[in-house]
Amino acid sequence: MKVVKFGGSSLAAGEQIKKVFQIVCEDPTRKIVVVSAPGKRSNEDRKVTDLLIQCAEKHFGGENCAEIIEAIFCRYETICIELELPMSIVESIKEDFAERLMGGYKDKFSFYDRMKACGEDYMAQLVACFFQAQGLQAAYINPKEAGLIVSREPGNAQVLPVSYEKLSNLKEKSGITVFPGFFGYSEEGEIMTFSRSGSDVTGAILAKAVQADVYENFTDVNAVYSVNPAIVLNPKEVRELTYREMRELSYGGFTVLHDEALIPAFSERIPVHIRNTNNSSAPGTKIVSRREEEIGPVVGIASDHGFCSIYVSKYLMNREIGFGRKLLTILEEFGLSYEHSPSGIDDISIILREDQLTPSAESKIIERIKMELKADEVVIQHHLSLIMVVGEGMRHNVGTMSRASKALAEARVNIEMINQGSSEVSMMFGVKEIDEKRAVEALYREFFAPVPV
Ligand code: ASP
């Protein structure tokens with residue numbers, strides 16, 4: 001049995017949904033279909049989820065959002081026309097939307113989640129209708145009815161373990177089950193969404209629940225590339241990645257798969273197969289526990305910007321018991337989550353996403369660290385990019401770090417920090433944002449091939 005998830009670009013228009021139908025029909029083991037909300041049809045277009053967020057924010061702020069609502073309805077109307085479906089579906093979407101918009105809520109963020117979830121919920125209903133109209137036995141299921149229970153964390157929910165038993169019943173359903181991605185219900189019955197791109201997470205949860213043989217994730221690229229194609233033209237495609245490599249790459253900035261979508265699949269050793277809706281015969285990329293053949297020390301290079309580092313130095317820090325804990329406690333009290341913490345004898349840097357900080361929080365943090373920890377120096381450095389060089393092969397290849405740092409030196413990139421996780425699956429370089437592209441190109445050249453200009 002396969003769980004198949006289709007991303008927003010695979011559902012952006014009627015033509016795309018016809019491809020989805022073909023793919024589902026081709027293989028009778030594709031029994032559970034998870035859908036995203038309609039994505040962009042062109043670069044200028046807007047994702048339905050983005051429209052929904054804007055609508056929720058405006059409505060909450062008391063502003064008129066008639067134009068945005070019209071744009072949202074128009075997306076579903078267009079799809080209905082393109083698929084020759086009855087307009088009564090759009091009428092019921094409109095009714096439900098009005099109820100959600102006007103209904104009560106506990107707080108702003110749970111209201112936003114209820115609105116955000118419309119995108120996938122309506123899409124799943126529409127896809128099920130289309131499949132039925134084509135003569136396929138198919139049914140929409142609501143995540144509450146199916147038993148997808150999540151933590152009460154608006155915009156960042158996590159599946160609760162109790163969900164799995166109930167969800168496992170989906171296995172027994174005859175025909176195709178069309179499941180909306182991105183959201184579940186809290187124990188109190190409120191709609192809660194996962195973080196952005198969370199339909200991938202729904203697919204992985206269902207694959208685990210029904211013990212699927214494969215979790216197929218259909219998107220709009222032929223494979224996972226070894227580097228961001230926006231940085232290096234026509235990069236090498238990767239055929240096979242391990243869960244750990246994919247997790248590191250997703251975390252590092254690869255957007256092809258949500259970084260939390262691997263955990264449920266990994267825990268049950270369910271292979272994840274990334275495929276292209278627009279080219280379903282392409283081999284795609286398989287994510288597995290062990291790779292058959294070794295393909296060198298590095299499989300991919302990811303990069304992301306928007307980080308800052310809090311550098312703290314104090315003579316004899318290495319002898320002071322509890323220094324690290326006290327430092328992290330201060331950050332915790334400011335509600336900050338940190339990413340890495342490379343350290344030396346007398347100093348430590350804490351790397352964070354800088355959008356969590358405000359100038360006033362920054363000065364308070366510096367003051368508290370200086371006062372409470374008696375630090376000699378506290379400096380916050382902004383506009384950093386993190387580059388992750390990833391590959392299981394690093395473990396038994398000598399000299400990967402020296403190759404990487406030599407490549408960066410030759411490209412005249414100053415390394416602000418280096419962190420090699422104890423897992424030895426990745427190494428991380430912190431560089432200035434302005435150096436990110438040059439650094440990634442240099443690393444790609446070193447580990448893969450010349451960079452086309
Ligand atoms: N529609 C949601 C988003 O844009 C979830 C998803 O597409 O996976 O984030």
# chains A, B, ... in the order shown; residues from 1 in each chain; ligands from 1
$ select_by_dssp --residues "stretch 50-231 of chain A" --states "helix (DSSP H, G or I)" --output "PyMOL selection string"
chain A and resi 50-60+66-82+88-102+108-116+118-133+143-146+163-172+199-209
$ residues_near_ligand --ligand "ligand 1" --cutoff "8 Å" --atoms "only C-alpha atoms and all ligand atoms" --output "NGL selection string"
:A and (7-8 or 36-39 or 47-50 or 116-117 or 119-120 or 181-182 or 194-201)
$ write_last_selection --atoms "N, CA, C and O atoms" --output "JSON list (two decimals), in the first residue's frame"
[["chain", "number", "residue", "atom", "x", "y", "z"],
["A", 7, "GLY", "N", 1.79, 18.02, -3.86],
["A", 7, "GLY", "CA", 2.03, 19.39, -3.40],
["A", 7, "GLY", "C", 1.19, 20.41, -4.16],
["A", 7, "GLY", "O", 0.48, 20.07, -5.11],
["A", 8, "GLY", "N", 1.28, 21.66, -3.74],
["A", 8, "GLY", "CA", 0.43, 22.73, -4.26],
["A", 8, "GLY", "C", 0.52, 22.94, -5.76],
["A", 8, "GLY", "O", -0.50, 23.20, -6.42],
["A", 36, "SER", "N", -2.31, 19.07, -0.85],
["A", 36, "SER", "CA", -2.03, 20.43, -0.37],
["A", 36, "SER", "C", -3.13, 21.35, -0.88],
["A", 36, "SER", "O", -4.01, 20.92, -1.62],
["A", 37, "ALA", "N", -2.98, 22.63, -0.57],
["A", 37, "ALA", "CA", -3.89, 23.65, -1.13],
["A", 37, "ALA", "C", -3.36, 24.05, -2.51],
["A", 37, "ALA", "O", -2.17, 23.87, -2.78],
["A", 38, "PRO", "N", -4.22, 24.61, -3.37],
["A", 38, "PRO", "CA", -3.73, 25.02, -4.69],
["A", 38, "PRO", "C", -2.55, 25.99, -4.58],
["A", 38, "PRO", "O", -2.60, 26.97, -3.83],
["A", 39, "GLY", "N", -1.49, 25.68, -5.32],
["A", 39, "GLY", "CA", -0.29, 26.52, -5.28],
["A", 39, "GLY", "C", -0.31, 27.53, -6.41],
["A", 39, "GLY", "O", -1.36, 27.86, -6.97],
["A", 47, "LYS", "N", -0.20, 31.63, -3.74],
["A", 47, "LYS", "CA", -0.68, 30.36, -3.19],
["A", 47, "LYS", "C", -1.97, 30.62, -2.42],
["A", 47, "LYS", "O", -2.08, 31.66, -1.74],
["A", 48, "VAL", "N", -2.91, 29.68, -2.48],
["A", 48, "VAL", "CA", -4.16, 29.88, -1.74],
["A", 48, "VAL", "C", -3.87, 30.04, -0.24],
["A", 48, "VAL", "O", -4.50, 30.87, 0.43],
["A", 49, "THR", "N", -2.91, 29.30, 0.29],
["A", 49, "THR", "CA", -2.61, 29.43, 1.73],
["A", 49, "THR", "C", -2.17, 30.86, 2.07],
["A", 49, "THR", "O", -2.56, 31.40, 3.11],
["A", 50, "ASP", "N", -1.39, 31.47, 1.18],
["A", 50, "ASP", "CA", -0.96, 32.86, 1.45],
["A", 50, "ASP", "C", -2.17, 33.80, 1.43],
["A", 50, "ASP", "O", -2.26, 34.72, 2.25],
["A", 116, "LYS", "N", -6.53, 29.01, 7.69],
["A", 116, "LYS", "CA", -5.46, 28.46, 6.86],
["A", 116, "LYS", "C", -5.79, 27.06, 6.35],
["A", 116, "LYS", "O", -5.42, 26.67, 5.25],
["A", 117, "ALA", "N", -6.45, 26.29, 7.22],
["A", 117, "ALA", "CA", -6.74, 24.89, 6.89],
["A", 117, "ALA", "C", -7.76, 24.74, 5.76],
["A", 117, "ALA", "O", -7.88, 23.67, 5.17],
["A", 119, "GLY", "N", -7.64, 25.76, 2.82],
["A", 119, "GLY", "CA", -6.98, 25.51, 1.54],
["A", 119, "GLY", "C", -6.94, 24.04, 1.19],
["A", 119, "GLY", "O", -7.36, 23.62, 0.11],
["A", 120, "GLU", "N", -6.44, 23.22, 2.12],
["A", 120, "GLU", "CA", -6.33, 21.79, 1.83],
["A", 120, "GLU", "C", -7.69, 21.10, 2.01],
["A", 120, "GLU", "O", -8.01, 20.17, 1.27],
["A", 181, "GLY", "N", -4.09, 17.64, 3.68],
["A", 181, "GLY", "CA", -2.84, 17.77, 4.43],
["A", 181, "GLY", "C", -2.87, 18.98, 5.34],
["A", 181, "GLY", "O", -3.86, 19.72, 5.40],
["A", 182, "PHE", "N", -1.79, 19.16, 6.11],
["A", 182, "PHE", "CA", -1.49, 20.42, 6.80],
["A", 182, "PHE", "C", -2.15, 20.63, 8.16],
["A", 182, "PHE", "O", -1.72, 21.45, 8.92],
["A", 194, "PHE", "N", 0.04, 22.34, 11.03],
["A", 194, "PHE", "CA", 1.47, 22.13, 11.21],
["A", 194, "PHE", "C", 2.16, 23.40, 10.74],
["A", 194, "PHE", "O", 1.50, 24.34, 10.28],
["A", 195, "SER", "N", 3.50, 23.43, 10.78],
["A", 195, "SER", "CA", 4.17, 24.62, 10.25],
["A", 195, "SER", "C", 4.05, 24.61, 8.72],
["A", 195, "SER", "O", 3.59, 23.61, 8.15],
["A", 196, "ARG", "N", 4.45, 25.70, 8.08],
["A", 196, "ARG", "CA", 4.26, 25.84, 6.63],
["A", 196, "ARG", "C", 4.83, 24.64, 5.88],
["A", 196, "ARG", "O", 5.83, 24.05, 6.31],
["A", 197, "SER", "N", 4.19, 24.29, 4.82],
["A", 197, "SER", "CA", 4.52, 23.11, 4.00],
["A", 197, "SER", "C", 4.22, 21.81, 4.72],
["A", 197, "SER", "O", 4.76, 20.75, 4.38],
["A", 198, "GLY", "N", 3.36, 21.89, 5.71],
["A", 198, "GLY", "CA", 3.09, 20.74, 6.58],
["A", 198, "GLY", "C", 2.27, 19.60, 5.99],
["A", 198, "GLY", "O", 2.08, 18.59, 6.66],
["A", 199, "SER", "N", 1.81, 19.72, 4.74],
["A", 199, "SER", "CA", 1.11, 18.57, 4.17],
["A", 199, "SER", "C", 2.05, 17.38, 4.02],
["A", 199, "SER", "O", 1.62, 16.23, 4.07],
["A", 200, "ASP", "N", 3.34, 17.68, 3.85],
["A", 200, "ASP", "CA", 4.35, 16.61, 3.82],
["A", 200, "ASP", "C", 4.30, 15.82, 5.13],
["A", 200, "ASP", "O", 4.50, 14.60, 5.14],
["A", 201, "VAL", "N", 4.07, 16.53, 6.22],
["A", 201, "VAL", "CA", 4.05, 15.89, 7.54],
["A", 201, "VAL", "C", 2.82, 14.98, 7.63],
["A", 201, "VAL", "O", 2.91, 13.83, 8.09]]
$ select_by_dssp --residues "stretch 177-219 of chain A" --states "strand (DSSP E or B)" --output "list in words"
Thr177, Val178, Phe179, Pro180, Phe183, Gly184, Tyr185, Ile191, Met192, Thr193, Val214, Tyr215, Glu216, Asn217, Phe218 and Thr219 of chain A
$ closest_atom_pairs --of "stretch 181-255 of chain A" --to "stretch 434-438 of chain A" --cutoff "10 Å" --atoms "only C-alpha atoms" --output "JSON lines"
{"residue": "A:Ala230", "atom": "CA", "partner": "A:Lys437", "partner_atom": "CA", "distance": 9.7}
{"residue": "A:Ile231", "atom": "CA", "partner": "A:Lys437", "partner_atom": "CA", "distance": 6.4}
{"residue": "A:Val232", "atom": "CA", "partner": "A:Lys437", "partner_atom": "CA", "distance": 8.8}
$ residues_around --residues "A:Ala207" --least-positions-apart "4" --cutoff "7 Å" --atoms "only C-alpha atoms" --output "list in words"
Val3, Gly203, Gln211, Ala212, Tyr215 and Ala265 of chain A
$ write_last_selection --atoms "N, CA and C atoms" --output "mmCIF file, in the first residue's frame"
data_model
loop_
_atom_site.group_PDB
_atom_site.id
_atom_site.type_symbol
_atom_site.label_atom_id
_atom_site.label_comp_id
_atom_site.auth_asym_id
_atom_site.auth_seq_id
_atom_site.Cartn_x
_atom_site.Cartn_y
_atom_site.Cartn_z
ATOM 1 N N VAL A 3 1.077 5.539 0.322
ATOM 2 C CA VAL A 3 0.469 6.831 0.634
ATOM 3 C C VAL A 3 1.105 7.811 -0.342
ATOM 4 N N GLY A 203 1.311 13.430 5.247
ATOM 5 C CA GLY A 203 1.580 12.234 4.439
ATOM 6 C C GLY A 203 2.438 11.244 5.215
ATOM 7 N N GLN A 211 1.282 1.763 7.988
ATOM 8 C CA GLN A 211 2.470 0.947 7.670
ATOM 9 C C GLN A 211 2.611 0.771 6.157
ATOM 10 N N ALA A 212 2.601 1.900 5.474
ATOM 11 C CA ALA A 212 2.691 1.861 4.011
ATOM 12 C C ALA A 212 4.023 1.266 3.563
ATOM 13 N N TYR A 215 6.097 5.905 0.907
ATOM 14 C CA TYR A 215 5.428 7.201 0.960
ATOM 15 C C TYR A 215 5.916 7.981 -0.260
ATOM 16 N N ALA A 265 8.289 8.546 9.067
ATOM 17 C CA ALA A 265 8.675 7.525 8.085
ATOM 18 C C ALA A 265 9.921 6.793 8.566
#
$ atom_distance --atom1 "atom CA of A:Gly175" --atom2 "atom CA of A:Ile141"
12.1 Å
$ closest_residue --among "A:Asn169, A:Gln22, A:Ser163, A:Asn318" --to "A:Tyr185" --atoms "only C-alpha atoms"
A:Ser163
$ decode --residues "stretch 270-409 of chain A" --atoms "C-alpha atoms" --output "PDB file, in the first residue's frame"
ATOM      1  CA  ILE A 270       9.203   3.462   5.318  1.00  0.00           C
ATOM      2  CA  PRO A 271      11.000   4.625   2.169  1.00  0.00           C
ATOM      3  CA  VAL A 272      10.069   8.097   0.945  1.00  0.00           C
ATOM      4  CA  HIS A 273      10.079   8.606  -2.807  1.00  0.00           C
ATOM      5  CA  ILE A 274      10.213  12.148  -4.180  1.00  0.00           C
ATOM      6  CA  ARG A 275       8.666  12.261  -7.666  1.00  0.00           C
ATOM      7  CA  ASN A 276       7.521  14.730 -10.288  1.00  0.00           C
ATOM      8  CA  THR A 277       3.811  15.075 -11.128  1.00  0.00           C
ATOM      9  CA  ASN A 278       4.784  16.687 -14.436  1.00  0.00           C
ATOM     10  CA  ASN A 279       7.176  13.892 -15.358  1.00  0.00           C
ATOM     11  CA  SER A 280       6.036  10.776 -13.559  1.00  0.00           C
ATOM     12  CA  SER A 281       8.426   8.520 -15.468  1.00  0.00           C
ATOM     13  CA  ALA A 282      11.496  10.290 -14.036  1.00  0.00           C
ATOM     14  CA  PRO A 283      13.204   8.109 -11.430  1.00  0.00           C
ATOM     15  CA  GLY A 284      12.984  10.742  -8.681  1.00  0.00           C
ATOM     16  CA  THR A 285      14.882  10.462  -5.402  1.00  0.00           C
ATOM     17  CA  LYS A 286      14.494   7.698  -2.842  1.00  0.00           C
ATOM     18  CA  ILE A 287      15.044   8.372   0.824  1.00  0.00           C
ATOM     19  CA  VAL A 288      16.023   5.189   2.585  1.00  0.00           C
ATOM     20  CA  SER A 289      17.707   3.983   5.771  1.00  0.00           C
ATOM     21  CA  ARG A 290      20.810   2.692   4.001  1.00  0.00           C
ATOM     22  CA  ARG A 291      22.161   3.563   0.606  1.00  0.00           C
ATOM     23  CA  GLU A 292      23.131   0.645  -1.634  1.00  0.00           C
ATOM     24  CA  GLU A 293      26.119   2.250  -3.285  1.00  0.00           C
ATOM     25  CA  GLU A 294      28.541   4.763  -1.885  1.00  0.00           C
ATOM     26  CA  ILE A 295      28.607   7.999  -3.845  1.00  0.00           C
ATOM     27  CA  GLY A 296      31.448   9.938  -2.289  1.00  0.00           C
ATOM     28  CA  PRO A 297      31.776  11.893   0.911  1.00  0.00           C
ATOM     29  CA  VAL A 298      29.236  14.602   0.038  1.00  0.00           C
ATOM     30  CA  VAL A 299      25.703  14.158  -1.348  1.00  0.00           C
ATOM     31  CA  GLY A 300      24.393  17.682  -1.024  1.00  0.00           C
ATOM     32  CA  ILE A 301      25.105  21.257  -0.019  1.00  0.00           C
ATOM     33  CA  ALA A 302      22.327  23.313   1.568  1.00  0.00           C
ATOM     34  CA  SER A 303      22.371  26.937   2.605  1.00  0.00           C
ATOM     35  CA  ASP A 304      20.068  29.342   4.342  1.00  0.00           C
ATOM     36  CA  HIS A 305      20.328  32.943   5.475  1.00  0.00           C
ATOM     37  CA  GLY A 306      18.781  35.012   8.263  1.00  0.00           C
ATOM     38  CA  PHE A 307      20.911  33.861  11.191  1.00  0.00           C
ATOM     39  CA  CYS A 308      22.793  35.736  13.863  1.00  0.00           C
ATOM     40  CA  SER A 309      25.294  34.696  16.494  1.00  0.00           C
ATOM     41  CA  ILE A 310      25.601  35.760  20.093  1.00  0.00           C
ATOM     42  CA  TYR A 311      29.295  35.559  20.888  1.00  0.00           C
ATOM     43  CA  VAL A 312      30.169  35.386  24.594  1.00  0.00           C
ATOM     44  CA  SER A 313      33.711  35.268  25.929  1.00  0.00           C
ATOM     45  CA  LYS A 314      34.962  34.971  29.465  1.00  0.00           C
ATOM     46  CA  TYR A 315      38.413  34.027  30.652  1.00  0.00           C
ATOM     47  CA  LEU A 316      38.349  30.553  32.298  1.00  0.00           C
ATOM     48  CA  MET A 317      34.854  29.779  31.032  1.00  0.00           C
ATOM     49  CA  ASN A 318      35.981  26.151  30.701  1.00  0.00           C
ATOM     50  CA  ARG A 319      36.302  25.880  34.511  1.00  0.00           C
ATOM     51  CA  GLU A 320      33.020  27.497  35.413  1.00  0.00           C
ATOM     52  CA  ILE A 321      30.368  24.908  36.210  1.00  0.00           C
ATOM     53  CA  GLY A 322      26.901  25.820  34.908  1.00  0.00           C
ATOM     54  CA  PHE A 323      27.987  28.625  32.562  1.00  0.00           C
ATOM     55  CA  GLY A 324      26.316  27.096  29.512  1.00  0.00           C
ATOM     56  CA  ARG A 325      23.123  26.340  31.395  1.00  0.00           C
ATOM     57  CA  LYS A 326      22.847  29.867  32.773  1.00  0.00           C
ATOM     58  CA  LEU A 327      23.450  31.333  29.325  1.00  0.00           C
ATOM     59  CA  LEU A 328      20.794  29.150  27.716  1.00  0.00           C
ATOM     60  CA  THR A 329      18.380  29.916  30.562  1.00  0.00           C
ATOM     61  CA  ILE A 330      18.599  33.612  29.727  1.00  0.00           C
ATOM     62  CA  LEU A 331      17.757  32.842  26.097  1.00  0.00           C
ATOM     63  CA  GLU A 332      14.934  30.561  27.191  1.00  0.00           C
ATOM     64  CA  GLU A 333      13.461  33.342  29.293  1.00  0.00           C
ATOM     65  CA  PHE A 334      13.326  35.488  26.158  1.00  0.00           C
ATOM     66  CA  GLY A 335      11.485  32.663  24.364  1.00  0.00           C
ATOM     67  CA  LEU A 336      14.359  32.117  21.929  1.00  0.00           C
ATOM     68  CA  SER A 337      15.162  28.823  20.301  1.00  0.00           C
ATOM     69  CA  TYR A 338      18.764  28.302  19.236  1.00  0.00           C
ATOM     70  CA  GLU A 339      20.189  26.270  16.394  1.00  0.00           C
ATOM     71  CA  HIS A 340      23.853  25.587  17.213  1.00  0.00           C
ATOM     72  CA  SER A 341      26.426  26.437  19.825  1.00  0.00           C
ATOM     73  CA  PRO A 342      30.038  26.067  18.713  1.00  0.00           C
ATOM     74  CA  SER A 343      32.389  26.694  21.624  1.00  0.00           C
ATOM     75  CA  GLY A 344      36.038  27.213  22.540  1.00  0.00           C
ATOM     76  CA  ILE A 345      37.982  27.289  25.836  1.00  0.00           C
ATOM     77  CA  ASP A 346      36.986  30.781  26.845  1.00  0.00           C
ATOM     78  CA  ASP A 347      34.142  31.478  24.447  1.00  0.00           C
ATOM     79  CA  ILE A 348      30.893  30.202  23.032  1.00  0.00           C
ATOM     80  CA  SER A 349      28.663  31.329  20.165  1.00  0.00           C
ATOM     81  CA  ILE A 350      24.959  30.717  20.088  1.00  0.00           C
ATOM     82  CA  ILE A 351      23.457  30.698  16.606  1.00  0.00           C
ATOM     83  CA  LEU A 352      19.821  31.728  16.272  1.00  0.00           C
ATOM     84  CA  ARG A 353      17.377  32.718  13.575  1.00  0.00           C
ATOM     85  CA  GLU A 354      17.536  36.494  13.719  1.00  0.00           C
ATOM     86  CA  ASP A 355      13.832  37.091  13.066  1.00  0.00           C
ATOM     87  CA  GLN A 356      13.259  36.079  16.700  1.00  0.00           C
ATOM     88  CA  LEU A 357      15.115  39.141  17.980  1.00  0.00           C
ATOM     89  CA  THR A 358      14.110  42.778  18.264  1.00  0.00           C
ATOM     90  CA  PRO A 359      16.642  45.580  18.915  1.00  0.00           C
ATOM     91  CA  SER A 360      15.265  46.103  22.414  1.00  0.00           C
ATOM     92  CA  ALA A 361      15.393  42.375  23.288  1.00  0.00           C
ATOM     93  CA  GLU A 362      18.952  42.337  21.959  1.00  0.00           C
ATOM     94  CA  SER A 363      20.219  45.039  24.293  1.00  0.00           C
ATOM     95  CA  LYS A 364      18.427  43.445  27.255  1.00  0.00           C
ATOM     96  CA  ILE A 365      20.013  40.077  26.458  1.00  0.00           C
ATOM     97  CA  ILE A 366      23.499  41.580  26.179  1.00  0.00           C
ATOM     98  CA  GLU A 367      23.017  43.382  29.466  1.00  0.00           C
ATOM     99  CA  ARG A 368      21.805  40.293  31.308  1.00  0.00           C
ATOM    100  CA  ILE A 369      24.638  38.114  30.000  1.00  0.00           C
ATOM    101  CA  LYS A 370      27.201  40.732  31.015  1.00  0.00           C
ATOM    102  CA  MET A 371      25.662  41.273  34.457  1.00  0.00           C
ATOM    103  CA  GLU A 372      24.641  37.767  35.456  1.00  0.00           C
ATOM    104  CA  LEU A 373      27.482  35.798  33.874  1.00  0.00           C
ATOM    105  CA  LYS A 374      30.147  38.466  34.304  1.00  0.00           C
ATOM    106  CA  ALA A 375      31.149  37.919  30.674  1.00  0.00           C
ATOM    107  CA  ASP A 376      34.155  39.830  29.313  1.00  0.00           C
ATOM    108  CA  GLU A 377      32.616  40.365  25.902  1.00  0.00           C
ATOM    109  CA  VAL A 378      29.178  39.862  24.361  1.00  0.00           C
ATOM    110  CA  VAL A 379      28.698  40.632  20.670  1.00  0.00           C
ATOM    111  CA  ILE A 380      25.743  39.940  18.416  1.00  0.00           C
ATOM    112  CA  GLN A 381      26.675  39.449  14.766  1.00  0.00           C
ATOM    113  CA  HIS A 382      23.882  39.702  12.188  1.00  0.00           C
ATOM    114  CA  HIS A 383      23.307  38.643   8.561  1.00  0.00           C
ATOM    115  CA  LEU A 384      24.886  35.238   8.689  1.00  0.00           C
ATOM    116  CA  SER A 385      24.249  32.323   6.386  1.00  0.00           C
ATOM    117  CA  LEU A 386      24.710  28.720   7.380  1.00  0.00           C
ATOM    118  CA  ILE A 387      25.972  26.246   4.828  1.00  0.00           C
ATOM    119  CA  MET A 388      25.543  22.555   5.484  1.00  0.00           C
ATOM    120  CA  VAL A 389      27.766  20.104   3.635  1.00  0.00           C
ATOM    121  CA  VAL A 390      26.057  16.741   4.002  1.00  0.00           C
ATOM    122  CA  GLY A 391      26.960  13.107   3.357  1.00  0.00           C
ATOM    123  CA  GLU A 392      27.128   9.844   5.299  1.00  0.00           C
ATOM    124  CA  GLY A 393      30.325   9.076   3.367  1.00  0.00           C
ATOM    125  CA  MET A 394      32.181  11.721   5.381  1.00  0.00           C
ATOM    126  CA  ARG A 395      32.437   9.293   8.252  1.00  0.00           C
ATOM    127  CA  HIS A 396      34.966   7.111   6.516  1.00  0.00           C
ATOM    128  CA  ASN A 397      36.588   9.625   4.190  1.00  0.00           C
ATOM    129  CA  VAL A 398      39.606  11.475   5.467  1.00  0.00           C
ATOM    130  CA  GLY A 399      40.121  15.101   4.514  1.00  0.00           C
ATOM    131  CA  THR A 400      36.590  16.285   3.669  1.00  0.00           C
ATOM    132  CA  MET A 401      36.833  19.229   6.047  1.00  0.00           C
ATOM    133  CA  SER A 402      40.174  20.292   4.634  1.00  0.00           C
ATOM    134  CA  ARG A 403      38.825  20.069   1.058  1.00  0.00           C
ATOM    135  CA  ALA A 404      35.836  22.215   2.037  1.00  0.00           C
ATOM    136  CA  SER A 405      37.822  24.852   3.879  1.00  0.00           C
ATOM    137  CA  LYS A 406      40.437  25.008   1.107  1.00  0.00           C
ATOM    138  CA  ALA A 407      37.673  25.549  -1.458  1.00  0.00           C
ATOM    139  CA  LEU A 408      36.240  28.363   0.652  1.00  0.00           C
ATOM    140  CA  ALA A 409      39.657  29.933   1.141  1.00  0.00           C
TER     141      ALA A 409
END
